[in-house]
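Here is the file my_file_16.cif (mmCIF, C-alpha atoms; chains and numbers go by the auth columns).
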data_final
#
loop_
_atom_site.group_PDB
_atom_site.id
_atom_site.type_symbol
_atom_site.label_atom_id
_atom_site.label_comp_id
_atom_site.label_asym_id
_atom_site.label_seq_id
_atom_site.Cartn_x
_atom_site.Cartn_y
_atom_site.Cartn_z
_atom_site.B_iso_or_equiv
_atom_site.auth_seq_id
_atom_site.auth_asym_id
ATOM 1 C CA MET A 1 0.000 0.000 0.000 0.00 1 A
ATOM 2 C CA SER A 2 1.116 3.569 -0.484 0.00 2 A
ATOM 3 C CA HIS A 3 -0.136 5.140 2.727 0.00 3 A
ATOM 4 C CA GLU A 4 3.050 4.937 4.787 0.00 4 A
ATOM 5 C CA SER A 5 1.182 3.315 7.660 0.00 5 A
ATOM 6 C CA PRO A 6 2.925 1.587 10.556 0.00 6 A
ATOM 7 C CA PRO A 7 3.077 -2.195 10.792 0.00 7 A
ATOM 8 C CA GLY A 8 -0.386 -3.631 11.350 0.00 8 A
ATOM 9 C CA HIS A 9 -2.175 -0.745 9.590 0.00 9 A
ATOM 10 C CA GLN A 10 -3.648 -1.024 6.160 0.00 10 A
ATOM 11 C CA CYS A 11 -6.462 0.572 4.225 0.00 11 A
ATOM 12 C CA THR A 12 -9.619 -1.497 4.605 0.00 12 A
ATOM 13 C CA GLY A 13 -11.658 0.629 2.251 0.00 13 A
ATOM 14 C CA ARG A 14 -13.554 2.064 5.178 0.00 14 A
ATOM 15 C CA LEU A 15 -10.967 2.803 7.814 0.00 15 A
ATOM 16 C CA THR A 16 -7.520 1.543 8.668 0.00 16 A
ATOM 17 C CA SER A 17 -7.541 -1.357 11.057 0.00 17 A
ATOM 18 C CA ALA A 18 -6.038 -1.142 14.516 0.00 18 A
ATOM 19 C CA PRO A 19 -2.650 -2.796 15.048 0.00 19 A
ATOM 20 C CA ARG A 20 -2.676 -6.411 16.112 0.00 20 A
ATOM 21 C CA ALA A 21 -0.661 -5.560 19.209 0.00 21 A
ATOM 22 C CA SER A 22 -2.107 -2.300 20.484 0.00 22 A
ATOM 23 C CA PRO A 23 -0.890 -0.198 23.385 0.00 23 A
ATOM 24 C CA ALA A 24 -3.025 -0.127 26.511 0.00 24 A
ATOM 25 C CA PRO A 25 -6.623 0.932 25.772 0.00 25 A
ATOM 26 C CA GLU A 26 -7.324 4.640 26.138 0.00 26 A
ATOM 27 C CA ARG A 27 -9.788 5.457 28.887 0.00 27 A
ATOM 28 C CA ASP A 28 -12.891 7.485 28.150 0.00 28 A
ATOM 29 C CA VAL A 29 -14.648 7.322 31.530 0.00 29 A
ATOM 30 C CA PRO A 30 -13.494 6.834 35.132 0.00 30 A
ATOM 31 C CA GLY A 31 -12.976 3.273 36.213 0.00 31 A
ATOM 32 C CA GLY A 32 -10.876 2.095 33.287 0.00 32 A
ATOM 33 C CA ARG A 33 -13.706 1.253 30.890 0.00 33 A
ATOM 34 C CA ASN A 34 -14.150 2.489 27.344 0.00 34 A
ATOM 35 C CA TRP A 35 -17.226 4.045 25.773 0.00 35 A
ATOM 36 C CA ASP A 36 -18.941 0.697 25.164 0.00 36 A
ATOM 37 C CA GLY A 37 -18.914 -0.078 28.899 0.00 37 A
ATOM 38 C CA GLU A 38 -16.234 -2.759 28.774 0.00 38 A
ATOM 39 C CA THR A 39 -12.489 -3.031 29.067 0.00 39 A
ATOM 40 C CA PRO A 40 -12.288 -4.162 25.438 0.00 40 A
ATOM 41 C CA ASP A 41 -9.887 -5.579 22.974 0.00 41 A
ATOM 42 C CA THR A 42 -9.363 -2.373 20.989 0.00 42 A
ATOM 43 C CA THR A 43 -9.080 -4.349 17.758 0.00 43 A
ATOM 44 C CA ARG A 44 -12.753 -5.328 18.123 0.00 44 A
ATOM 45 C CA LEU A 45 -14.243 -1.839 18.404 0.00 45 A
ATOM 46 C CA PRO A 46 -13.523 -0.588 14.849 0.00 46 A
ATOM 47 C CA THR A 47 -15.163 -3.682 13.352 0.00 47 A
ATOM 48 C CA LEU A 48 -18.201 -3.259 15.603 0.00 48 A
ATOM 49 C CA VAL A 49 -18.652 0.434 14.804 0.00 49 A
ATOM 50 C CA ARG A 50 -18.090 -0.073 11.070 0.00 50 A
ATOM 51 C CA GLY A 51 -20.781 -2.741 11.055 0.00 51 A
ATOM 52 C CA VAL A 52 -23.330 -0.492 12.759 0.00 52 A
ATOM 53 C CA LEU A 53 -22.405 2.402 10.485 0.00 53 A
ATOM 54 C CA ARG A 54 -22.933 0.323 7.346 0.00 54 A
ATOM 55 C CA GLU A 55 -26.265 -1.035 8.612 0.00 55 A
ATOM 56 C CA LEU A 56 -27.567 2.495 9.169 0.00 56 A
ATOM 57 C CA ALA A 57 -26.254 3.788 5.836 0.00 57 A
ATOM 58 C CA THR A 58 -27.814 0.988 3.813 0.00 58 A
ATOM 59 C CA ASP A 59 -31.136 1.467 5.625 0.00 59 A
ATOM 60 C CA THR A 60 -31.720 4.756 3.793 0.00 60 A
ATOM 61 C CA ALA A 61 -32.731 5.412 0.203 0.00 61 A
ATOM 62 C CA LEU A 62 -29.685 7.683 0.011 0.00 62 A
ATOM 63 C CA TRP A 63 -27.423 4.630 -0.159 0.00 63 A
ATOM 64 C CA GLY A 64 -28.640 4.093 -3.733 0.00 64 A
ATOM 65 C CA ASP A 65 -27.644 7.598 -4.901 0.00 65 A
ATOM 66 C CA ASP A 66 -25.453 7.432 -7.994 0.00 66 A
ATOM 67 C CA VAL A 67 -23.675 10.772 -7.577 0.00 67 A
ATOM 68 C CA TRP A 68 -20.861 10.779 -5.015 0.00 68 A
ATOM 69 C CA ILE A 69 -18.267 13.276 -3.887 0.00 69 A
ATOM 70 C CA VAL A 70 -14.761 12.521 -2.643 0.00 70 A
ATOM 71 C CA ASP A 71 -12.268 14.559 -0.671 0.00 71 A
ATOM 72 C CA SER A 72 -9.765 14.268 2.149 0.00 72 A
ATOM 73 C CA THR A 73 -9.464 16.403 5.262 0.00 73 A
ATOM 74 C CA PRO A 74 -6.738 16.698 7.915 0.00 74 A
ATOM 75 C CA VAL A 75 -7.061 14.925 11.253 0.00 75 A
ATOM 76 C CA GLU A 76 -4.526 16.751 13.386 0.00 76 A
ATOM 77 C CA CYS A 77 -2.885 14.645 16.117 0.00 77 A
ATOM 78 C CA GLY A 78 -0.456 17.061 17.776 0.00 78 A
ATOM 79 C CA ARG A 79 1.373 20.362 17.422 0.00 79 A
ATOM 80 C CA SER A 80 4.637 20.150 19.333 0.00 80 A
ATOM 81 C CA ARG A 81 7.858 18.604 18.050 0.00 81 A
ATOM 82 C CA GLU A 82 8.033 16.458 21.177 0.00 82 A
ATOM 83 C CA THR A 83 4.615 14.976 20.396 0.00 83 A
ATOM 84 C CA ALA A 84 5.699 14.163 16.856 0.00 84 A
ATOM 85 C CA LYS A 85 8.821 12.425 18.176 0.00 85 A
ATOM 86 C CA ARG A 86 7.408 10.523 21.134 0.00 86 A
ATOM 87 C CA SER A 87 3.777 9.842 20.247 0.00 87 A
ATOM 88 C CA ASP A 88 2.572 6.272 19.705 0.00 88 A
ATOM 89 C CA LEU A 89 1.198 7.644 16.431 0.00 89 A
ATOM 90 C CA ALA A 90 4.685 8.441 15.094 0.00 90 A
ATOM 91 C CA GLY A 91 5.328 6.508 11.906 0.00 91 A
ATOM 92 C CA TRP A 92 1.679 6.660 10.883 0.00 92 A
ATOM 93 C CA ALA A 93 0.938 10.321 11.641 0.00 93 A
ATOM 94 C CA GLU A 94 3.216 12.650 9.685 0.00 94 A
ATOM 95 C CA TYR A 95 3.564 16.227 8.517 0.00 95 A
ATOM 96 C CA GLY A 96 1.263 17.288 5.700 0.00 96 A
ATOM 97 C CA TYR A 97 -0.165 20.436 4.119 0.00 97 A
ATOM 98 C CA CYS A 98 -3.780 21.597 4.060 0.00 98 A
ATOM 99 C CA ALA A 99 -4.204 23.756 0.950 0.00 99 A
ATOM 100 C CA SER A 100 -7.729 24.935 1.800 0.00 100 A
ATOM 101 C CA HIS A 101 -6.465 26.533 5.032 0.00 101 A
ATOM 102 C CA SER A 102 -2.873 27.193 3.893 0.00 102 A
ATOM 103 C CA ARG A 103 -1.289 25.444 6.863 0.00 103 A
ATOM 104 C CA PHE A 104 0.964 22.556 7.719 0.00 104 A
ATOM 105 C CA PHE A 105 -0.155 19.996 10.286 0.00 105 A
ATOM 106 C CA TRP A 106 1.044 16.810 11.954 0.00 106 A
ATOM 107 C CA GLY A 107 -1.383 13.934 11.827 0.00 107 A
ATOM 108 C CA LEU A 108 -3.515 11.886 9.457 0.00 108 A
ATOM 109 C CA ARG A 109 -5.988 12.368 6.629 0.00 109 A
ATOM 110 C CA LEU A 110 -9.566 11.153 6.489 0.00 110 A
ATOM 111 C CA HIS A 111 -10.495 10.257 2.913 0.00 111 A
ATOM 112 C CA LEU A 112 -14.274 10.284 2.524 0.00 112 A
ATOM 113 C CA VAL A 113 -16.581 9.198 -0.293 0.00 113 A
ATOM 114 C CA CYS A 114 -20.125 10.347 0.417 0.00 114 A
ATOM 115 C CA THR A 115 -23.418 11.168 -1.266 0.00 115 A
ATOM 116 C CA LEU A 116 -24.484 14.714 -2.050 0.00 116 A
ATOM 117 C CA HIS A 117 -26.363 14.690 1.262 0.00 117 A
ATOM 118 C CA GLY A 118 -23.176 13.776 3.138 0.00 118 A
ATOM 119 C CA LEU A 119 -23.995 10.108 3.830 0.00 119 A
ATOM 120 C CA PRO A 120 -20.656 8.247 4.169 0.00 120 A
ATOM 121 C CA ILE A 121 -20.252 5.565 1.504 0.00 121 A
ATOM 122 C CA ALA A 122 -16.619 4.586 2.071 0.00 122 A
ATOM 123 C CA PHE A 123 -13.616 6.041 3.840 0.00 123 A
ATOM 124 C CA ALA A 124 -9.996 5.502 4.808 0.00 124 A
ATOM 125 C CA LEU A 125 -7.636 6.964 7.396 0.00 125 A
ATOM 126 C CA THR A 126 -4.051 7.393 6.224 0.00 126 A
ATOM 127 C CA GLY A 127 -0.861 9.290 6.853 0.00 127 A
ATOM 128 C CA ALA A 128 -1.015 12.974 5.962 0.00 128 A
ATOM 129 C CA LYS A 129 1.103 12.559 2.821 0.00 129 A
ATOM 130 C CA ALA A 130 -0.867 9.716 1.237 0.00 130 A
ATOM 131 C CA VAL A 131 -1.728 10.409 -2.412 0.00 131 A
ATOM 132 C CA GLU A 132 -5.479 10.971 -2.586 0.00 132 A
ATOM 133 C CA ARG A 133 -6.068 9.310 -5.952 0.00 133 A
ATOM 134 C CA GLU A 134 -4.131 6.203 -4.923 0.00 134 A
ATOM 135 C CA VAL A 135 -6.112 5.936 -1.692 0.00 135 A
ATOM 136 C CA LEU A 136 -9.370 6.214 -3.636 0.00 136 A
ATOM 137 C CA LEU A 137 -8.427 3.341 -5.950 0.00 137 A
ATOM 138 C CA ASP A 138 -7.409 1.265 -2.936 0.00 138 A
ATOM 139 C CA ILE A 139 -10.799 1.921 -1.325 0.00 139 A
ATOM 140 C CA PHE A 140 -12.669 0.683 -4.389 0.00 140 A
ATOM 141 C CA HIS A 141 -10.440 -2.365 -4.785 0.00 141 A
ATOM 142 C CA VAL A 142 -10.744 -3.385 -1.133 0.00 142 A
ATOM 143 C CA GLU A 143 -14.484 -2.635 -1.031 0.00 143 A
ATOM 144 C CA SER A 144 -15.038 -4.859 -4.048 0.00 144 A
ATOM 145 C CA GLY A 145 -18.796 -5.160 -3.463 0.00 145 A
ATOM 146 C CA LEU A 146 -19.360 -1.424 -3.154 0.00 146 A
ATOM 147 C CA LEU A 147 -19.952 -0.923 -6.882 0.00 147 A
ATOM 148 C CA ALA A 148 -21.925 -4.124 -7.446 0.00 148 A
ATOM 149 C CA ASN A 149 -25.687 -4.154 -8.040 0.00 149 A
ATOM 150 C CA ARG A 150 -25.996 -0.399 -8.444 0.00 150 A
ATOM 151 C CA PRO A 151 -25.965 2.045 -11.373 0.00 151 A
ATOM 152 C CA PRO A 152 -22.429 3.158 -12.275 0.00 152 A
ATOM 153 C CA PRO A 153 -21.755 6.177 -10.038 0.00 153 A
ATOM 154 C CA THR A 154 -20.552 9.610 -11.073 0.00 154 A
ATOM 155 C CA LEU A 155 -17.777 10.808 -8.774 0.00 155 A
ATOM 156 C CA LEU A 156 -17.190 14.532 -8.262 0.00 156 A
ATOM 157 C CA ALA A 157 -13.651 15.401 -7.148 0.00 157 A
ATOM 158 C CA ASP A 158 -11.140 18.254 -7.041 0.00 158 A
ATOM 159 C CA ARG A 159 -8.002 18.751 -9.139 0.00 159 A
ATOM 160 C CA ASN A 160 -5.900 16.372 -7.024 0.00 160 A
ATOM 161 C CA TYR A 161 -7.708 13.376 -8.504 0.00 161 A
ATOM 162 C CA TYR A 162 -5.974 13.312 -11.876 0.00 162 A
ATOM 163 C CA GLY A 163 -3.837 11.170 -14.150 0.00 163 A
ATOM 164 C CA ARG A 164 -4.486 8.965 -17.165 0.00 164 A
ATOM 165 C CA ALA A 165 -3.779 5.724 -15.346 0.00 165 A
ATOM 166 C CA PHE A 166 -5.949 6.826 -12.424 0.00 166 A
ATOM 167 C CA GLU A 167 -8.893 7.795 -14.619 0.00 167 A
ATOM 168 C CA ARG A 168 -8.514 4.610 -16.632 0.00 168 A
ATOM 169 C CA GLY A 169 -8.582 2.620 -13.394 0.00 169 A
ATOM 170 C CA LEU A 170 -11.821 4.315 -12.352 0.00 170 A
ATOM 171 C CA ALA A 171 -13.356 3.764 -15.779 0.00 171 A
ATOM 172 C CA ASP A 172 -12.478 0.060 -15.573 0.00 172 A
ATOM 173 C CA LEU A 173 -14.442 -0.053 -12.313 0.00 173 A
ATOM 174 C CA GLY A 174 -17.413 1.672 -13.953 0.00 174 A
ATOM 175 C CA VAL A 175 -16.913 5.010 -12.176 0.00 175 A
ATOM 176 C CA ARG A 176 -17.299 8.249 -14.123 0.00 176 A
ATOM 177 C CA LEU A 177 -15.023 11.007 -12.814 0.00 177 A
ATOM 178 C CA LEU A 178 -15.889 14.697 -12.995 0.00 178 A
ATOM 179 C CA ARG A 179 -13.207 17.141 -11.828 0.00 179 A
ATOM 180 C CA PRO A 180 -12.040 20.670 -12.672 0.00 180 A
ATOM 181 C CA ALA A 181 -9.406 21.088 -15.354 0.00 181 A
ATOM 182 C CA ARG A 182 -5.844 21.465 -14.132 0.00 182 A
ATOM 183 C CA LYS A 183 -3.600 24.228 -15.417 0.00 183 A
ATOM 184 C CA GLY A 184 -2.851 23.667 -19.106 0.00 184 A
ATOM 185 C CA GLU A 185 -5.756 21.258 -19.610 0.00 185 A
ATOM 186 C CA PRO A 186 -8.778 22.012 -21.804 0.00 186 A
ATOM 187 C CA GLU A 187 -12.115 22.639 -20.094 0.00 187 A
ATOM 188 C CA ARG A 188 -13.669 19.421 -18.813 0.00 188 A
ATOM 189 C CA ALA A 189 -17.280 18.283 -18.753 0.00 189 A
ATOM 190 C CA GLY A 190 -19.328 19.392 -15.747 0.00 190 A
ATOM 191 C CA ALA A 191 -17.316 22.562 -15.105 0.00 191 A
ATOM 192 C CA GLU A 192 -20.442 24.413 -13.950 0.00 192 A
ATOM 193 C CA LEU A 193 -20.807 21.952 -11.047 0.00 193 A
ATOM 194 C CA PHE A 194 -17.436 22.476 -9.439 0.00 194 A
ATOM 195 C CA LYS A 195 -17.951 25.741 -7.549 0.00 195 A
ATOM 196 C CA PRO A 196 -21.086 24.519 -5.700 0.00 196 A
ATOM 197 C CA LEU A 197 -19.339 21.149 -5.323 0.00 197 A
ATOM 198 C CA ARG A 198 -16.459 22.754 -3.440 0.00 198 A
ATOM 199 C CA GLN A 199 -18.932 24.436 -1.109 0.00 199 A
ATOM 200 C CA LEU A 200 -20.747 21.147 -0.552 0.00 200 A
ATOM 201 C CA ILE A 201 -17.564 19.277 0.297 0.00 201 A
ATOM 202 C CA GLU A 202 -16.472 22.020 2.694 0.00 202 A
ATOM 203 C CA SER A 203 -19.906 21.881 4.316 0.00 203 A
ATOM 204 C CA VAL A 204 -19.602 18.140 4.991 0.00 204 A
ATOM 205 C CA ASN A 205 -16.087 18.587 6.370 0.00 205 A
ATOM 206 C CA GLN A 206 -17.271 21.460 8.550 0.00 206 A
ATOM 207 C CA THR A 207 -20.008 19.261 10.016 0.00 207 A
ATOM 208 C CA LEU A 208 -17.360 16.721 11.004 0.00 208 A
ATOM 209 C CA LYS A 209 -14.959 19.311 12.382 0.00 209 A
ATOM 210 C CA GLY A 210 -17.255 22.000 13.738 0.00 210 A
ATOM 211 C CA GLN A 211 -20.115 20.051 15.309 0.00 211 A
ATOM 212 C CA LEU A 212 -18.466 16.652 15.747 0.00 212 A
ATOM 213 C CA ASP A 213 -14.994 17.894 16.766 0.00 213 A
ATOM 214 C CA LEU A 214 -13.072 15.648 14.373 0.00 214 A
ATOM 215 C CA GLU A 215 -9.745 17.348 15.112 0.00 215 A
ATOM 216 C CA ARG A 216 -10.352 17.312 18.864 0.00 216 A
ATOM 217 C CA HIS A 217 -10.607 13.548 18.949 0.00 217 A
ATOM 218 C CA GLY A 218 -8.215 13.142 21.889 0.00 218 A
ATOM 219 C CA GLY A 219 -6.770 9.865 20.599 0.00 219 A
ATOM 220 C CA ARG A 220 -3.171 9.112 21.517 0.00 220 A
ATOM 221 C CA THR A 221 -2.688 5.653 19.991 0.00 221 A
ATOM 222 C CA PRO A 222 -3.524 4.252 16.539 0.00 222 A
ATOM 223 C CA ALA A 223 -6.422 2.231 17.933 0.00 223 A
ATOM 224 C CA GLY A 224 -7.678 5.205 19.948 0.00 224 A
ATOM 225 C CA VAL A 225 -7.649 7.610 16.995 0.00 225 A
ATOM 226 C CA THR A 226 -9.280 5.019 14.735 0.00 226 A
ATOM 227 C CA VAL A 227 -12.203 4.443 17.084 0.00 227 A
ATOM 228 C CA ARG A 228 -12.694 8.150 17.735 0.00 228 A
ATOM 229 C CA VAL A 229 -12.804 8.999 14.029 0.00 229 A
ATOM 230 C CA LEU A 230 -15.276 6.170 13.534 0.00 230 A
ATOM 231 C CA GLN A 231 -17.421 7.596 16.336 0.00 231 A
ATOM 232 C CA ARG A 232 -17.716 10.895 14.431 0.00 232 A
ATOM 233 C CA LEU A 233 -18.648 9.146 11.203 0.00 233 A
ATOM 234 C CA LEU A 234 -21.186 7.005 13.043 0.00 234 A
ATOM 235 C CA ALA A 235 -22.740 10.091 14.646 0.00 235 A
ATOM 236 C CA LEU A 236 -23.036 11.769 11.236 0.00 236 A
ATOM 237 C CA THR A 237 -24.538 8.645 9.676 0.00 237 A
ATOM 238 C CA ALA A 238 -26.984 8.147 12.550 0.00 238 A
ATOM 239 C CA ALA A 239 -28.193 11.754 12.282 0.00 239 A
ATOM 240 C CA ILE A 240 -28.698 11.434 8.516 0.00 240 A
ATOM 241 C CA TRP A 241 -30.480 8.086 8.985 0.00 241 A
ATOM 242 C CA HIS A 242 -32.805 9.545 11.632 0.00 242 A
ATOM 243 C CA ASN A 243 -33.554 12.757 9.726 0.00 243 A
ATOM 244 C CA HIS A 244 -34.176 10.851 6.494 0.00 244 A
ATOM 245 C CA ASN A 245 -36.494 8.273 8.059 0.00 245 A
ATOM 246 C CA THR A 246 -38.454 10.853 10.078 0.00 246 A
ATOM 247 C CA GLY A 247 -38.846 13.325 7.234 0.00 247 A
ATOM 248 C CA GLY A 248 -36.555 15.965 8.701 0.00 248 A
ATOM 249 C CA PRO A 249 -36.313 19.168 6.641 0.00 249 A
ATOM 250 C CA ALA A 250 -32.482 19.148 6.572 0.00 250 A
ATOM 251 C CA ILE A 251 -31.065 15.661 6.194 0.00 251 A
ATOM 252 C CA ARG A 252 -27.542 16.427 7.467 0.00 252 A
ATOM 253 C CA SER A 253 -28.617 18.793 10.247 0.00 253 A
ATOM 254 C CA LEU A 254 -27.298 17.998 13.720 0.00 254 A
ATOM 255 C CA THR A 255 -28.978 20.967 15.388 0.00 255 A
ATOM 256 C CA ALA A 256 -31.547 18.831 17.204 0.00 256 A
ATOM 257 C CA TYR A 257 -28.749 16.770 18.801 0.00 257 A
ATOM 258 C CA ASP A 258 -26.202 19.562 19.376 0.00 258 A
ATOM 259 C CA HIS A 259 -26.975 20.389 23.009 0.00 259 A
#
What does this structure look like when you write it as structure tokens?
Amino acid sequence: MSHESPPGHQCTGRLTSAPRASPAPERDVPGGRNWDGETPDTTRLPTLVRGVLRELATDTALWGDDVWIVDSTPVECGRSRETAKRSDLAGWAEYGYCASHSRFFWGLRLHLVCTLHGLPIAFALTGAKAVEREVLLDIFHVESGLLANRPPPTLLADRNYYGRAFERGLADLGVRLLRPARKGEPERAGAELFKPLRQLIESVNQTLKGQLDLERHGGRTPAGVTVRVLQRLLALTAAIWHNHNTGGPAIRSLTAYDH
């Protein structure tokens, strides 16, 4: 894989798995028990949460949408040089650059494929320098059943998802890519969609970061960060599931749960 992950980490198409030999579980509540009420094997929690997340996502009509968006967003894991040197995340977390906010950061990247309403379809957590287009192909190859028994999806992406081999790989999977033209390229189909698309992607990311505190996850080990990122995605999916099935006016709104 190309994600520069530490031993025991690999892209699963939804989220990187926890290492086989994890450090001591991180405590969320007094008494030494984690958020599920047990003193768990931390390798079990990501599988459990992913399963619940997928059940909720597929229980909405939105799961059948054939227009998806893809992007990655930073998951900061520390700011001091000492943290970068001594953290249990060192070797997976790394320095990267966030172009949308013009800043460097130390941590990971969450790569998210979602519907236009923000329902997570697939995702991966990688080092900050992982190449977005390579991660996306890995997601589709690992999640081999994701594209089965559905109309071929149209995928809206930014300029970082480029390259003849990359686009050919998507086409072989039955995925149609729409992205803005890069410098020196002729205008591409769907150009009128890209400005509102950028706003939509930023809106989904802001929901994760602003209301669900994605970058304030508090994880200090690979397993801890993995579970905490999954918690945010599960919360987003559960809100969309509830709003969709109860006829809520704004499907991605978390206002009713944000107090």
Given all atoms listed in the file as the counted atoms, nearest of A:Lys129, A:Arg182, A:Arg103, A:Arg150 to Gly163 in chain A: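 Under the stated criterion, the closest residue is A:Arg182.
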Atom pair CA of Ala128 in chain A / CA of Tyr161 in chain A: separation (Å):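 Computing the Euclidean distance for CA of Ala128 in chain A and CA of Tyr161 in chain A yields 15.9 Å.
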What are the closest atom pairs, with distances in Å to one decimal, for each residue of range 83-192 of chain A lying within 8 Å of range 45-65 of chain A, using only C-alpha atoms, rows by chain and rising residue number, as JSON lines?
{"residue": "A:Thr115", "atom": "CA", "partner": "A:Asp65", "partner_atom": "CA", "distance": 6.6}
{"residue": "A:His117", "atom": "CA", "partner": "A:Leu62", "partner_atom": "CA", "distance": 7.9}
{"residue": "A:Leu119", "atom": "CA", "partner": "A:Ala57", "partner_atom": "CA", "distance": 7.0}
{"residue": "A:Pro120", "atom": "CA", "partner": "A:Ala57", "partner_atom": "CA", "distance": 7.3}
{"residue": "A:Ile121", "atom": "CA", "partner": "A:Trp63", "partner_atom": "CA", "distance": 7.4}
{"residue": "A:Arg150", "atom": "CA", "partner": "A:Gly64", "partner_atom": "CA", "distance": 7.0}
{"residue": "A:Pro153", "atom": "CA", "partner": "A:Asp65", "partner_atom": "CA", "distance": 7.9}
Target residues per the PyMOL selection byres ((chain A and resi 218-223) around 6), formatted as a ChimeraX atom specification: /A:18,88-89,216-217,224-226
Padded axis-aligned box of range 138-152 of chain A (8 Å per side), centre and edge lengths, Å, one decimal, as AutoDock Vina command-line options:
--center_x -16.7 --center_y -1.0 --center_z -6.7 --size_x 34.6 --size_y 24.3 --size_z 27.2
Picked residues, the PyMOL selection byres ((chain A and resi 157) around 8), expected as a list of chain:residue names: A:Ile69, A:Val70, A:Asp71, A:Leu155, A:Leu156, A:Asp158, A:Arg159, A:Asn160, A:Tyr161, A:Leu177, A:Leu178, A:Arg179, A:Pro180
Best match for closeness to Val229 in chain A among A:Ala124, A:Ala84, A:Ala99, A:Ala148, counting all atoms listed in the file: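 For Val229 in chain A, the nearest of the candidates is A:Ala124.
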Nearby residues (all atoms listed in the file) at most 8 Å from Arg232 in chain A, same-chain spacing under 3 positions excluded, as a list in words: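 Neighbouring residues, sequence-local ones excluded: Leu208, Leu212, Asp213, Leu214, Arg228, Val229, Ala235 and Leu236 of chain A.
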Matched chain/residue IDs from the PyMOL selection byres ((chain A and resi 242) around 12), as a PyMOL selection string: chain A and resi 56-57+59-60+119+234-241+243-254+256-257
For a cut-off of 9 Å around (-10.3, 5.0, -3.8), file coordinates, pick out all residues using all atoms listed in the file and list them as a PDB file with C-alpha atoms, keeping the file's coordinate frame.
ATOM      1  CA  GLY A  13     -11.658   0.629   2.251  1.00  0.00           C
ATOM      2  CA  VAL A  70     -14.761  12.521  -2.643  1.00  0.00           C
ATOM      3  CA  HIS A 111     -10.495  10.257   2.913  1.00  0.00           C
ATOM      4  CA  VAL A 113     -16.581   9.198  -0.293  1.00  0.00           C
ATOM      5  CA  ALA A 122     -16.619   4.586   2.071  1.00  0.00           C
ATOM      6  CA  PHE A 123     -13.616   6.041   3.840  1.00  0.00           C
ATOM      7  CA  ALA A 124      -9.996   5.502   4.808  1.00  0.00           C
ATOM      8  CA  GLU A 132      -5.479  10.971  -2.586  1.00  0.00           C
ATOM      9  CA  ARG A 133      -6.068   9.310  -5.952  1.00  0.00           C
ATOM     10  CA  GLU A 134      -4.131   6.203  -4.923  1.00  0.00           C
ATOM     11  CA  VAL A 135      -6.112   5.936  -1.692  1.00  0.00           C
ATOM     12  CA  LEU A 136      -9.370   6.214  -3.636  1.00  0.00           C
ATOM     13  CA  LEU A 137      -8.427   3.341  -5.950  1.00  0.00           C
ATOM     14  CA  ASP A 138      -7.409   1.265  -2.936  1.00  0.00           C
ATOM     15  CA  ILE A 139     -10.799   1.921  -1.325  1.00  0.00           C
ATOM     16  CA  PHE A 140     -12.669   0.683  -4.389  1.00  0.00           C
ATOM     17  CA  HIS A 141     -10.440  -2.365  -4.785  1.00  0.00           C
ATOM     18  CA  VAL A 142     -10.744  -3.385  -1.133  1.00  0.00           C
ATOM     19  CA  LEU A 170     -11.821   4.315 -12.352  1.00  0.00           C
TER      20      LEU A 170
END
